[in-house]
file upload.cif (mmCIF, C-alpha atoms and all ligand atoms)
data_start
loop_
_atom_site.label_atom_id
_atom_site.label_comp_id
_atom_site.auth_asym_id
_atom_site.auth_seq_id
_atom_site.Cartn_x
_atom_site.Cartn_y
_atom_site.Cartn_z
CA MET A 1 8.02 29.97 -26.52
CA SER A 2 4.76 28.93 -28.13
CA CYS A 3 2.81 26.00 -26.79
CA ARG A 4 3.58 22.55 -28.19
CA LEU A 5 0.99 19.91 -29.11
CA SER A 6 1.42 16.28 -28.15
CA VAL A 7 -1.28 14.06 -29.64
CA ASN A 8 -2.61 11.33 -27.34
CA LEU A 9 -3.30 8.20 -29.40
CA ASN A 10 -5.11 6.19 -26.72
CA LYS A 11 -8.38 6.39 -28.65
CA ILE A 12 -6.81 4.93 -31.80
CA ALA A 13 -5.78 1.94 -29.67
CA VAL A 14 -9.27 1.67 -28.15
CA LEU A 15 -10.83 1.45 -31.61
CA ARG A 16 -8.27 -1.12 -32.74
CA ASN A 17 -8.71 -3.17 -29.57
CA SER A 18 -12.48 -3.26 -30.06
CA ARG A 19 -12.00 -5.58 -33.07
CA GLY A 20 -8.60 -7.14 -32.51
CA GLY A 21 -6.25 -7.00 -35.49
CA ARG A 22 -4.17 -3.98 -36.46
CA GLU A 23 -6.63 -1.34 -37.70
CA PRO A 24 -6.56 1.51 -37.08
CA ASP A 25 -2.79 1.24 -36.94
CA ILE A 26 -1.39 3.32 -34.10
CA LEU A 27 1.95 3.83 -35.88
CA GLN A 28 0.24 5.05 -39.06
CA ALA A 29 -1.83 7.43 -36.93
CA ALA A 30 1.31 8.67 -35.20
CA ARG A 31 3.03 9.26 -38.53
CA ALA A 32 0.00 11.19 -39.82
CA CYS A 33 0.04 13.44 -36.72
CA LEU A 34 3.79 14.02 -36.87
CA ASP A 35 3.80 14.59 -40.64
CA ALA A 36 1.08 17.21 -40.02
CA GLY A 37 3.42 18.98 -37.60
CA ALA A 38 2.41 17.71 -34.16
CA HIS A 39 5.30 18.18 -31.75
CA GLY A 40 5.00 14.85 -30.02
CA ILE A 41 3.01 11.74 -29.21
CA THR A 42 1.42 10.76 -25.91
CA VAL A 43 -0.05 7.48 -24.75
CA HIS A 44 -1.45 6.48 -21.40
CA PRO A 45 -1.30 2.68 -21.18
CA ARG A 46 -3.35 1.25 -18.33
CA PRO A 47 -2.80 -2.03 -16.47
CA ASP A 48 -5.86 -3.63 -18.11
CA ALA A 49 -4.44 -2.81 -21.58
CA ARG A 50 -7.73 -1.31 -22.80
CA HIS A 51 -5.82 1.58 -24.37
CA ALA A 52 -2.28 1.55 -25.75
CA ARG A 53 -0.46 -1.71 -24.95
CA HIS A 54 3.08 -2.60 -24.03
CA ASP A 55 4.00 -3.30 -27.68
CA ASP A 56 2.50 0.05 -28.76
CA VAL A 57 4.64 1.86 -26.22
CA LEU A 58 7.85 0.28 -27.49
CA ALA A 59 6.92 0.86 -31.14
CA LEU A 60 5.98 4.49 -30.53
CA ALA A 61 9.17 5.02 -28.56
CA GLY A 62 11.11 3.92 -31.66
CA LEU A 63 9.02 5.97 -34.06
CA THR A 64 9.27 9.19 -32.06
CA ARG A 65 13.02 8.64 -31.70
CA ASP A 66 13.28 8.31 -35.50
CA TYR A 67 11.28 11.52 -35.95
CA GLY A 68 13.29 13.30 -33.27
CA VAL A 69 10.18 14.35 -31.36
CA GLU A 70 9.02 13.99 -27.79
CA PHE A 71 7.41 10.78 -26.58
CA ASN A 72 5.28 11.42 -23.51
CA LEU A 73 4.37 8.33 -21.53
CA GLU A 74 1.64 8.70 -18.92
CA GLY A 75 0.75 6.37 -16.09
CA ASN A 76 0.26 5.68 -12.43
CA PRO A 77 3.65 4.84 -10.92
CA PHE A 78 1.94 3.05 -8.01
CA ALA A 79 -0.11 0.61 -10.12
CA GLN A 80 1.02 -2.96 -9.54
CA ALA A 81 2.59 -5.00 -12.32
CA ARG A 82 0.36 -7.85 -13.47
CA ASP A 83 -0.28 -10.14 -16.42
CA GLY A 84 0.53 -8.13 -19.54
CA TYR A 85 1.48 -4.98 -17.65
CA VAL A 86 5.03 -4.63 -16.37
CA GLY A 87 4.38 -1.49 -14.31
CA PHE A 88 4.97 2.13 -15.23
CA LEU A 89 8.56 2.43 -14.01
CA ARG A 90 9.61 -0.72 -15.87
CA LEU A 91 7.87 0.51 -19.00
CA CYS A 92 9.85 3.75 -18.76
CA GLU A 93 13.07 1.75 -18.33
CA LEU A 94 12.24 -0.12 -21.55
CA ALA A 95 10.91 2.79 -23.63
CA HIS A 96 12.97 5.73 -22.35
CA PRO A 97 10.26 8.33 -23.00
CA ALA A 98 11.46 11.93 -23.22
CA GLN A 99 8.76 12.81 -20.72
CA ALA A 100 7.09 10.69 -18.06
CA THR A 101 3.80 12.11 -16.81
CA LEU A 102 2.70 10.59 -13.52
CA VAL A 103 -1.06 10.38 -13.04
CA PRO A 104 -2.77 9.09 -9.87
CA ASP A 105 -5.66 7.24 -11.50
CA ASP A 106 -6.78 3.89 -10.16
CA ASP A 107 -7.96 0.89 -12.16
CA ALA A 108 -11.64 1.55 -11.67
CA GLN A 109 -11.52 5.00 -13.23
CA LEU A 110 -12.97 5.43 -16.69
CA THR A 111 -10.37 8.11 -17.34
CA SER A 112 -8.06 10.41 -15.37
CA ASP A 113 -10.10 12.66 -13.12
CA HIS A 114 -7.80 14.26 -10.53
CA GLY A 115 -4.23 15.29 -9.82
CA PHE A 116 -1.91 14.27 -6.98
CA ASP A 117 -2.31 15.27 -3.36
CA PHE A 118 1.28 16.55 -3.14
CA THR A 119 1.33 16.71 0.64
CA ARG A 120 0.10 13.15 1.12
CA ASP A 121 1.99 11.61 -1.84
CA ALA A 122 5.34 13.43 -1.55
CA ALA A 123 7.30 10.72 0.28
CA ALA A 124 6.11 7.99 -2.08
CA LEU A 125 6.65 10.07 -5.22
CA GLN A 126 10.13 11.41 -4.48
CA PRO A 127 12.16 8.20 -5.07
CA LEU A 128 10.12 7.36 -8.18
CA VAL A 129 10.72 10.80 -9.64
CA ALA A 130 14.43 10.39 -8.90
CA ARG A 131 14.50 7.00 -10.67
CA LEU A 132 12.78 8.42 -13.75
CA LYS A 133 15.14 11.37 -13.87
CA ALA A 134 18.09 9.00 -13.60
CA LEU A 135 16.73 7.34 -16.77
CA GLY A 136 16.88 10.73 -18.49
CA CYS A 137 13.12 11.36 -18.47
CA ARG A 138 11.68 14.80 -17.85
CA VAL A 139 9.10 14.24 -15.11
CA SER A 140 5.71 15.91 -15.03
CA LEU A 141 3.13 15.41 -12.26
CA PHE A 142 -0.62 15.63 -12.91
CA ALA A 143 -2.02 18.46 -10.80
CA ASP A 144 -5.36 20.00 -9.99
CA ALA A 145 -5.78 23.75 -10.32
CA GLY A 146 -5.52 25.12 -6.81
CA SER A 147 -3.30 22.27 -5.55
CA GLU A 148 -0.01 22.79 -3.69
CA VAL A 149 2.14 22.73 -6.83
CA ALA A 150 5.18 24.24 -5.13
CA ARG A 151 5.50 20.90 -3.35
CA ALA A 152 5.80 19.16 -6.73
CA ALA A 153 9.05 21.06 -7.24
CA ALA A 154 10.31 19.89 -3.85
CA ILE A 155 9.51 16.32 -4.92
CA GLY A 156 11.84 16.85 -7.90
CA ALA A 157 9.33 17.33 -10.72
CA ASP A 158 10.38 19.30 -13.79
CA ARG A 159 6.81 20.14 -14.72
CA VAL A 160 3.24 19.86 -13.61
CA GLU A 161 0.43 19.01 -16.00
CA LEU A 162 -2.67 20.96 -15.07
CA TYR A 163 -5.74 18.69 -15.15
CA THR A 164 -8.10 20.63 -17.41
CA GLY A 165 -11.21 18.46 -17.11
CA PRO A 166 -12.96 20.91 -14.73
CA TYR A 167 -12.04 23.81 -17.03
CA ALA A 168 -13.57 22.00 -20.02
CA GLU A 169 -16.76 21.39 -18.03
CA ALA A 170 -16.89 25.01 -16.95
CA PHE A 171 -16.31 26.17 -20.52
CA ALA A 172 -19.15 23.99 -21.81
CA ALA A 173 -21.43 25.43 -19.12
CA GLY A 174 -20.48 29.00 -20.02
CA ASN A 175 -18.45 29.46 -16.81
CA ALA A 176 -14.90 29.56 -18.18
CA ALA A 177 -14.29 33.03 -16.73
CA ALA A 178 -14.81 31.67 -13.22
CA ALA A 179 -12.50 28.68 -13.72
CA LEU A 180 -9.57 30.23 -15.57
CA PRO A 181 -8.12 32.38 -12.75
CA HIS A 182 -7.52 29.24 -10.64
CA TYR A 183 -5.51 27.72 -13.48
CA ALA A 184 -3.61 30.94 -14.13
CA ARG A 185 -2.71 31.26 -10.43
CA THR A 186 -1.57 27.63 -10.20
CA ALA A 187 0.51 27.99 -13.36
CA ARG A 188 2.22 31.09 -11.93
CA GLN A 189 2.95 29.24 -8.69
CA ALA A 190 4.49 26.35 -10.63
CA VAL A 191 6.73 28.67 -12.64
CA ALA A 192 7.72 30.57 -9.48
CA ALA A 193 8.73 27.23 -7.95
CA GLY A 194 11.03 26.57 -10.92
CA MET A 195 8.88 24.21 -12.97
CA ALA A 196 7.31 24.42 -16.40
CA VAL A 197 3.62 23.87 -17.06
CA ASN A 198 1.79 21.39 -19.27
CA ALA A 199 -1.97 20.99 -19.52
CA GLY A 200 -4.40 18.35 -20.64
CA HIS A 201 -7.69 16.52 -20.45
CA ASP A 202 -10.79 17.27 -22.45
CA LEU A 203 -9.19 20.15 -24.29
CA ASP A 204 -10.66 20.68 -27.76
CA GLN A 205 -10.76 23.16 -30.63
CA ALA A 206 -13.50 25.16 -28.90
CA ASN A 207 -11.95 25.55 -25.44
CA LEU A 208 -8.18 25.49 -26.09
CA GLY A 209 -7.69 29.07 -27.31
CA ALA A 210 -9.34 30.66 -24.30
CA PHE A 211 -7.30 28.46 -21.96
CA LEU A 212 -3.96 29.36 -23.53
CA ALA A 213 -4.89 33.04 -23.64
CA ALA A 214 -5.66 33.09 -19.92
CA VAL A 215 -3.07 30.72 -18.44
CA PRO A 216 0.51 31.97 -18.71
CA GLY A 217 3.49 29.86 -19.70
CA VAL A 218 1.82 26.63 -20.81
CA GLN A 219 4.57 24.81 -22.72
CA GLU A 220 2.68 21.73 -23.89
CA VAL A 221 -0.84 20.46 -24.25
CA SER A 222 -1.62 16.78 -24.72
CA ILE A 223 -4.91 16.20 -26.48
CA GLY A 224 -6.51 12.92 -27.48
CA HIS A 225 -10.19 12.22 -27.03
CA ALA A 226 -11.58 15.37 -28.67
CA LEU A 227 -8.85 15.54 -31.30
CA ILE A 228 -9.61 12.01 -32.52
CA ALA A 229 -13.37 12.72 -32.46
CA GLU A 230 -12.85 15.93 -34.43
CA ALA A 231 -10.63 14.06 -36.88
CA LEU A 232 -13.47 11.62 -37.54
CA TYR A 233 -15.85 14.43 -38.41
CA ALA A 234 -13.21 16.14 -40.55
CA GLY A 235 -12.51 12.93 -42.46
CA LEU A 236 -15.96 11.37 -42.83
CA ALA A 237 -17.15 13.38 -45.84
CA THR A 238 -14.01 12.58 -47.88
CA THR A 239 -14.16 8.94 -46.95
CA VAL A 240 -17.85 8.56 -47.77
CA SER A 241 -17.19 10.20 -51.16
CA ARG A 242 -14.50 7.62 -51.87
CA TYR A 243 -16.85 4.76 -51.06
CA LEU A 244 -19.58 6.32 -53.20
CA ALA A 245 -17.13 6.46 -56.11
CA ILE A 246 -16.40 2.77 -55.65
CA VAL A 247 -20.04 1.69 -55.45
CA ALA A 248 -20.97 3.96 -58.38
CA GLY A 249 -18.35 2.26 -60.54
CA ARG A 250 -19.73 -1.21 -59.87
C1 LIG A 301 -3.82 12.20 -17.99
C2 LIG A 301 -4.93 12.36 -18.91
O1 LIG A 301 -5.78 13.17 -18.71
C3 LIG A 301 -4.99 11.54 -20.14
O2 LIG A 301 -4.05 10.55 -20.17
C4 LIG A 301 -6.31 10.92 -20.32
O3 LIG A 301 -6.56 10.07 -19.26
C5 LIG A 301 -6.37 10.18 -21.64
O4 LIG A 301 -7.67 9.92 -21.96
P1 LIG A 301 -8.30 8.46 -21.83
O5 LIG A 301 -8.29 8.11 -20.38
O6 LIG A 301 -9.71 8.64 -22.32
O7 LIG A 301 -7.50 7.57 -22.66
N1 LIG A 302 -2.71 14.36 -20.63
C1 LIG A 302 -3.96 14.54 -21.27
C2 LIG A 302 -4.03 13.74 -22.49
O1 LIG A 302 -3.07 13.10 -22.86
C3 LIG A 302 -5.23 13.71 -23.33
O2 LIG A 302 -6.42 13.82 -22.63
P1 LIG A 302 -7.76 13.82 -23.49
O3 LIG A 302 -7.63 14.91 -24.54
O4 LIG A 302 -7.88 12.46 -24.13
O5 LIG A 302 -8.85 14.10 -22.52
#

call {"tool": "encode", "arguments": {"input": "upload.cif", "output": "structure tokens"}}
result
Amino acid sequence: MSCRLSVNLNKIAVLRNSRGGREPDILQAARACLDAGAHGITVHPRPDARHARHDDVLALAGLTRDYGVEFNLEGNPFAQARDGYVGFLRLCELAHPAQATLVPDDDAQLTSDHGFDFTRDAAALQPLVARLKALGCRVSLFADAGSEVARAAAIGADRVELYTGPYAEAFAAGNAAAALPHYARTARQAVAAGMAVNAGHDLDQANLGAFLAAVPGVQEVSIGHALIAEALYAGLATTVSRYLAIVAGR
């Protein structure tokens, strides 16, 4: 099966949140991605609500249900509920995402930057994975290349999502050939343990092809930061032309 693309809309929410109000509208962005053929939508709400918020999650859950596509909700299942954030498990109970991707990032992190330590975290993860599966969610665990992914299967995970940040860095430095075998080996181990493989973080139009060519069996990539940046460049010329037409007609 070919790889599926889930578009992460966190950055649309960041831009909107920077001004308050509704623009850019995360639902309009989601519709544009899905109308263009994207296979699903991802968001990664964080407890401080700097990205997608609780209301975005519920609205996107409805929209993706209407489109009949996958909604992938990412988050740290250990983060405490607090003002404005009900906690990841509760959010999954409310939104019923098709896929829940568990990511061990803490509040101080700018963005996700590592996968789980499956040996250390197994006992804590197992009941949470079971609860999510009882809700009907496919469960994916964020994993570093080279980590003990076979243990993720023992925890009950359906998939692992390979954290591709280090690959993206290596690619930018011209060292992709050194990094890719670690990802390929980890992907094979995951499949041998009975799971499927997703991948994400800092993937872009430049580095994605080489990754998919080298890493077997990747079923889904979730891409946000670079995709939204690339979309800005792709759309700026058209948009500037439209403004020029308006000011020229004054
Ligand atoms: C798990 C992962 O890698 C993504 O959810 C990523 O964290 C999204 O990017 P931002 O943190 O920049 O929103
Ligand atoms: N799971 C990775 C994701 O959703 C998007 O990560 P990025 O492309 O914003 O780095």

call {"tool": "atom_distance", "arguments": {"input": "upload.cif", "atom1": "CA of Gly146 (chain A)", "atom2": "atom P1 of ligand LIG 301 (chain A)"}}
result
22.6 Å

call {"tool": "atom_distance", "arguments": {"input": "upload.cif", "atom1": "CA of Gln189 (chain A)", "atom2": "CA of Thr119 (chain A)"}}
result
15.7 Å

call {"tool": "closest_residue", "arguments": {"input": "upload.cif", "among": "A:Ile223, A:Asp121, A:Phe142, A:Val57", "to": "Leu91 (chain A)", "atoms": "all atoms listed in the file"}}
result
A:Val57

call {"tool": "residues_near_ligand", "arguments": {"input": "upload.cif", "ligand": "ligand LIG 301 (chain A)", "cutoff": "8 Å", "atoms": "only C-alpha atoms and all ligand atoms", "output": "ChimeraX atom specification"}}
result
/A:8-11,42-44,51,74-75,101,103,110-113,142,163-165,200-202,222-225

call {"tool": "residues_around", "arguments": {"input": "upload.cif", "residues": "Val197 (chain A)", "least_positions_apart": "3", "cutoff": "7 Å", "atoms": "all atoms listed in the file", "output": "PDB file with C-alpha atoms, in the coordinates of the input"}}
result
ATOM      1  CA  ARG A 159       6.810  20.140 -14.720  1.00  0.00           C
ATOM      2  CA  VAL A 160       3.240  19.860 -13.610  1.00  0.00           C
ATOM      3  CA  GLU A 161       0.430  19.010 -16.000  1.00  0.00           C
ATOM      4  CA  ALA A 187       0.510  27.990 -13.360  1.00  0.00           C
ATOM      5  CA  ALA A 190       4.490  26.350 -10.630  1.00  0.00           C
ATOM      6  CA  GLY A 217       3.490  29.860 -19.700  1.00  0.00           C
ATOM      7  CA  VAL A 218       1.820  26.630 -20.810  1.00  0.00           C
ATOM      8  CA  GLN A 219       4.570  24.810 -22.720  1.00  0.00           C
TER       9      GLN A 219
END

call {"tool": "atom_distance", "arguments": {"input": "upload.cif", "atom1": "CA of Val129 (chain A)", "atom2": "CA of Ala192 (chain A)"}}
result
20.0 Å

call {"tool": "closest_residue", "arguments": {"input": "upload.cif", "among": "A:Ala134, A:Leu212, A:Ala226, A:Leu34", "to": "ligand LIG 302 (chain A)", "atoms": "all atoms listed in the file"}}
result
A:Ala226

call {"tool": "residues_near_point", "arguments": {"input": "upload.cif", "point": "(8.4, 27.3, -3.0)", "cutoff": "9 Å", "atoms": "all atoms listed in the file", "output": "JSON list (two decimals) with C-alpha atoms, in the coordinates of the input"}}
result
[["chain", "number", "residue", "atom", "x", "y", "z"],
["A", 149, "VAL", "CA", 2.14, 22.73, -6.83],
["A", 150, "ALA", "CA", 5.18, 24.24, -5.13],
["A", 151, "ARG", "CA", 5.50, 20.90, -3.35],
["A", 153, "ALA", "CA", 9.05, 21.06, -7.24],
["A", 154, "ALA", "CA", 10.31, 19.89, -3.85],
["A", 189, "GLN", "CA", 2.95, 29.24, -8.69],
["A", 190, "ALA", "CA", 4.49, 26.35, -10.63],
["A", 192, "ALA", "CA", 7.72, 30.57, -9.48],
["A", 193, "ALA", "CA", 8.73, 27.23, -7.95],
["A", 194, "GLY", "CA", 11.03, 26.57, -10.92]]

call {"tool": "closest_residue", "arguments": {"input": "upload.cif", "among": "A:Ala36, A:Leu89, A:Ala108, A:Ala152", "to": "Leu135 (chain A)", "atoms": "only C-alpha atoms"}}
result
A:Leu89

call {"tool": "closest_residue", "arguments": {"input": "upload.cif", "among": "A:Ala59, A:Leu102, A:Ala172, A:Ala234", "to": "ligand LIG 302 (chain A)", "atoms": "all atoms listed in the file"}}
result
A:Leu102

call {"tool": "residues_around", "arguments": {"input": "upload.cif", "residues": "Gln109 (chain A)", "least_positions_apart": "4", "cutoff": "12 Å", "atoms": "only C-alpha atoms", "output": "MDAnalysis selection string"}}
result
chainID A and resid 46:48 76 103:105 113:114

call {"tool": "residues_around", "arguments": {"input": "upload.cif", "residues": "Asp66 (chain A)", "least_positions_apart": "4", "cutoff": "12 Å", "atoms": "only C-alpha atoms", "output": "list in words"}}
result
Ala30, Arg31, Leu34, Gly40, Ala59, Leu60, Ala61, Gly62, Glu70 and Phe71 of chain A

call {"tool": "closest_residue", "arguments": {"input": "upload.cif", "among": "A:Ile228, A:Val139, A:Ala124, A:Ala38", "to": "ligand LIG 302 (chain A)", "atoms": "only C-alpha atoms and all ligand atoms"}}
result
A:Ile228

call {"tool": "closest_residue", "arguments": {"input": "upload.cif", "among": "A:Leu227, A:Val86, A:Ala176, A:Ala196", "to": "ligand LIG 302 (chain A)", "atoms": "only C-alpha atoms and all ligand atoms"}}
result
A:Leu227

call {"tool": "build_atoms", "arguments": {"input": "upload.cif", "residues": "region 4-29 of chain A", "atoms": "N, CA and C atoms", "output": "compact mmCIF listing (two decimals), in the frame of the given file"}}
result
# COMPACT_ATOMS: atom_id res chain seq x y z
N ARG A 4 3.40 23.71 -27.31
CA ARG A 4 3.58 22.55 -28.19
C ARG A 4 2.40 21.58 -28.03
N LEU A 5 2.12 20.85 -29.10
CA LEU A 5 0.99 19.91 -29.11
C LEU A 5 1.50 18.47 -29.15
N SER A 6 1.14 17.71 -28.13
CA SER A 6 1.42 16.28 -28.15
C SER A 6 0.08 15.57 -28.33
N VAL A 7 0.00 14.72 -29.35
CA VAL A 7 -1.28 14.06 -29.64
C VAL A 7 -1.34 12.73 -28.88
N ASN A 8 -2.40 12.57 -28.09
CA ASN A 8 -2.61 11.33 -27.34
C ASN A 8 -3.35 10.34 -28.24
N LEU A 9 -2.74 9.18 -28.47
CA LEU A 9 -3.30 8.20 -29.40
C LEU A 9 -4.04 7.06 -28.70
N ASN A 10 -4.36 7.23 -27.42
CA ASN A 10 -5.11 6.19 -26.72
C ASN A 10 -6.36 5.75 -27.48
N LYS A 11 -7.08 6.72 -28.05
CA LYS A 11 -8.38 6.39 -28.65
C LYS A 11 -8.21 5.60 -29.96
N ILE A 12 -7.09 5.77 -30.63
CA ILE A 12 -6.81 4.93 -31.80
C ILE A 12 -6.66 3.48 -31.33
N ALA A 13 -5.97 3.30 -30.21
CA ALA A 13 -5.78 1.94 -29.67
C ALA A 13 -7.11 1.35 -29.21
N VAL A 14 -7.96 2.17 -28.61
CA VAL A 14 -9.27 1.67 -28.15
C VAL A 14 -10.07 1.12 -29.32
N LEU A 15 -10.08 1.87 -30.42
CA LEU A 15 -10.83 1.45 -31.61
C LEU A 15 -10.24 0.15 -32.16
N ARG A 16 -8.93 0.11 -32.26
CA ARG A 16 -8.27 -1.12 -32.74
C ARG A 16 -8.61 -2.30 -31.83
N ASN A 17 -8.50 -2.08 -30.52
CA ASN A 17 -8.71 -3.17 -29.57
C ASN A 17 -10.15 -3.70 -29.60
N SER A 18 -11.08 -2.85 -30.05
CA SER A 18 -12.48 -3.26 -30.06
C SER A 18 -12.74 -4.38 -31.07
N ARG A 19 -11.85 -4.55 -32.05
CA ARG A 19 -12.00 -5.58 -33.07
C ARG A 19 -10.87 -6.61 -33.07
N GLY A 20 -9.80 -6.32 -32.33
CA GLY A 20 -8.60 -7.14 -32.51
C GLY A 20 -7.94 -6.69 -33.81
N GLY A 21 -6.91 -7.37 -34.24
CA GLY A 21 -6.25 -7.00 -35.49
C GLY A 21 -5.43 -5.73 -35.34
N ARG A 22 -5.13 -5.10 -36.46
CA ARG A 22 -4.17 -3.98 -36.46
C ARG A 22 -4.79 -2.63 -36.75
N GLU A 23 -6.04 -2.60 -37.24
CA GLU A 23 -6.63 -1.34 -37.70
C GLU A 23 -7.56 -0.72 -36.68
N PRO A 24 -7.53 0.59 -36.50
CA PRO A 24 -6.56 1.51 -37.08
C PRO A 24 -5.18 1.31 -36.48
N ASP A 25 -4.18 1.51 -37.31
CA ASP A 25 -2.79 1.24 -36.94
C ASP A 25 -2.23 2.44 -36.17
N ILE A 26 -1.82 2.21 -34.95
CA ILE A 26 -1.39 3.32 -34.10
C ILE A 26 -0.12 4.00 -34.64
N LEU A 27 0.73 3.21 -35.32
CA LEU A 27 1.95 3.83 -35.88
C LEU A 27 1.61 4.69 -37.09
N GLN A 28 0.66 4.23 -37.90
CA GLN A 28 0.24 5.05 -39.06
C GLN A 28 -0.40 6.34 -38.57
N ALA A 29 -1.21 6.23 -37.51
CA ALA A 29 -1.83 7.43 -36.93
C ALA A 29 -0.76 8.38 -36.40
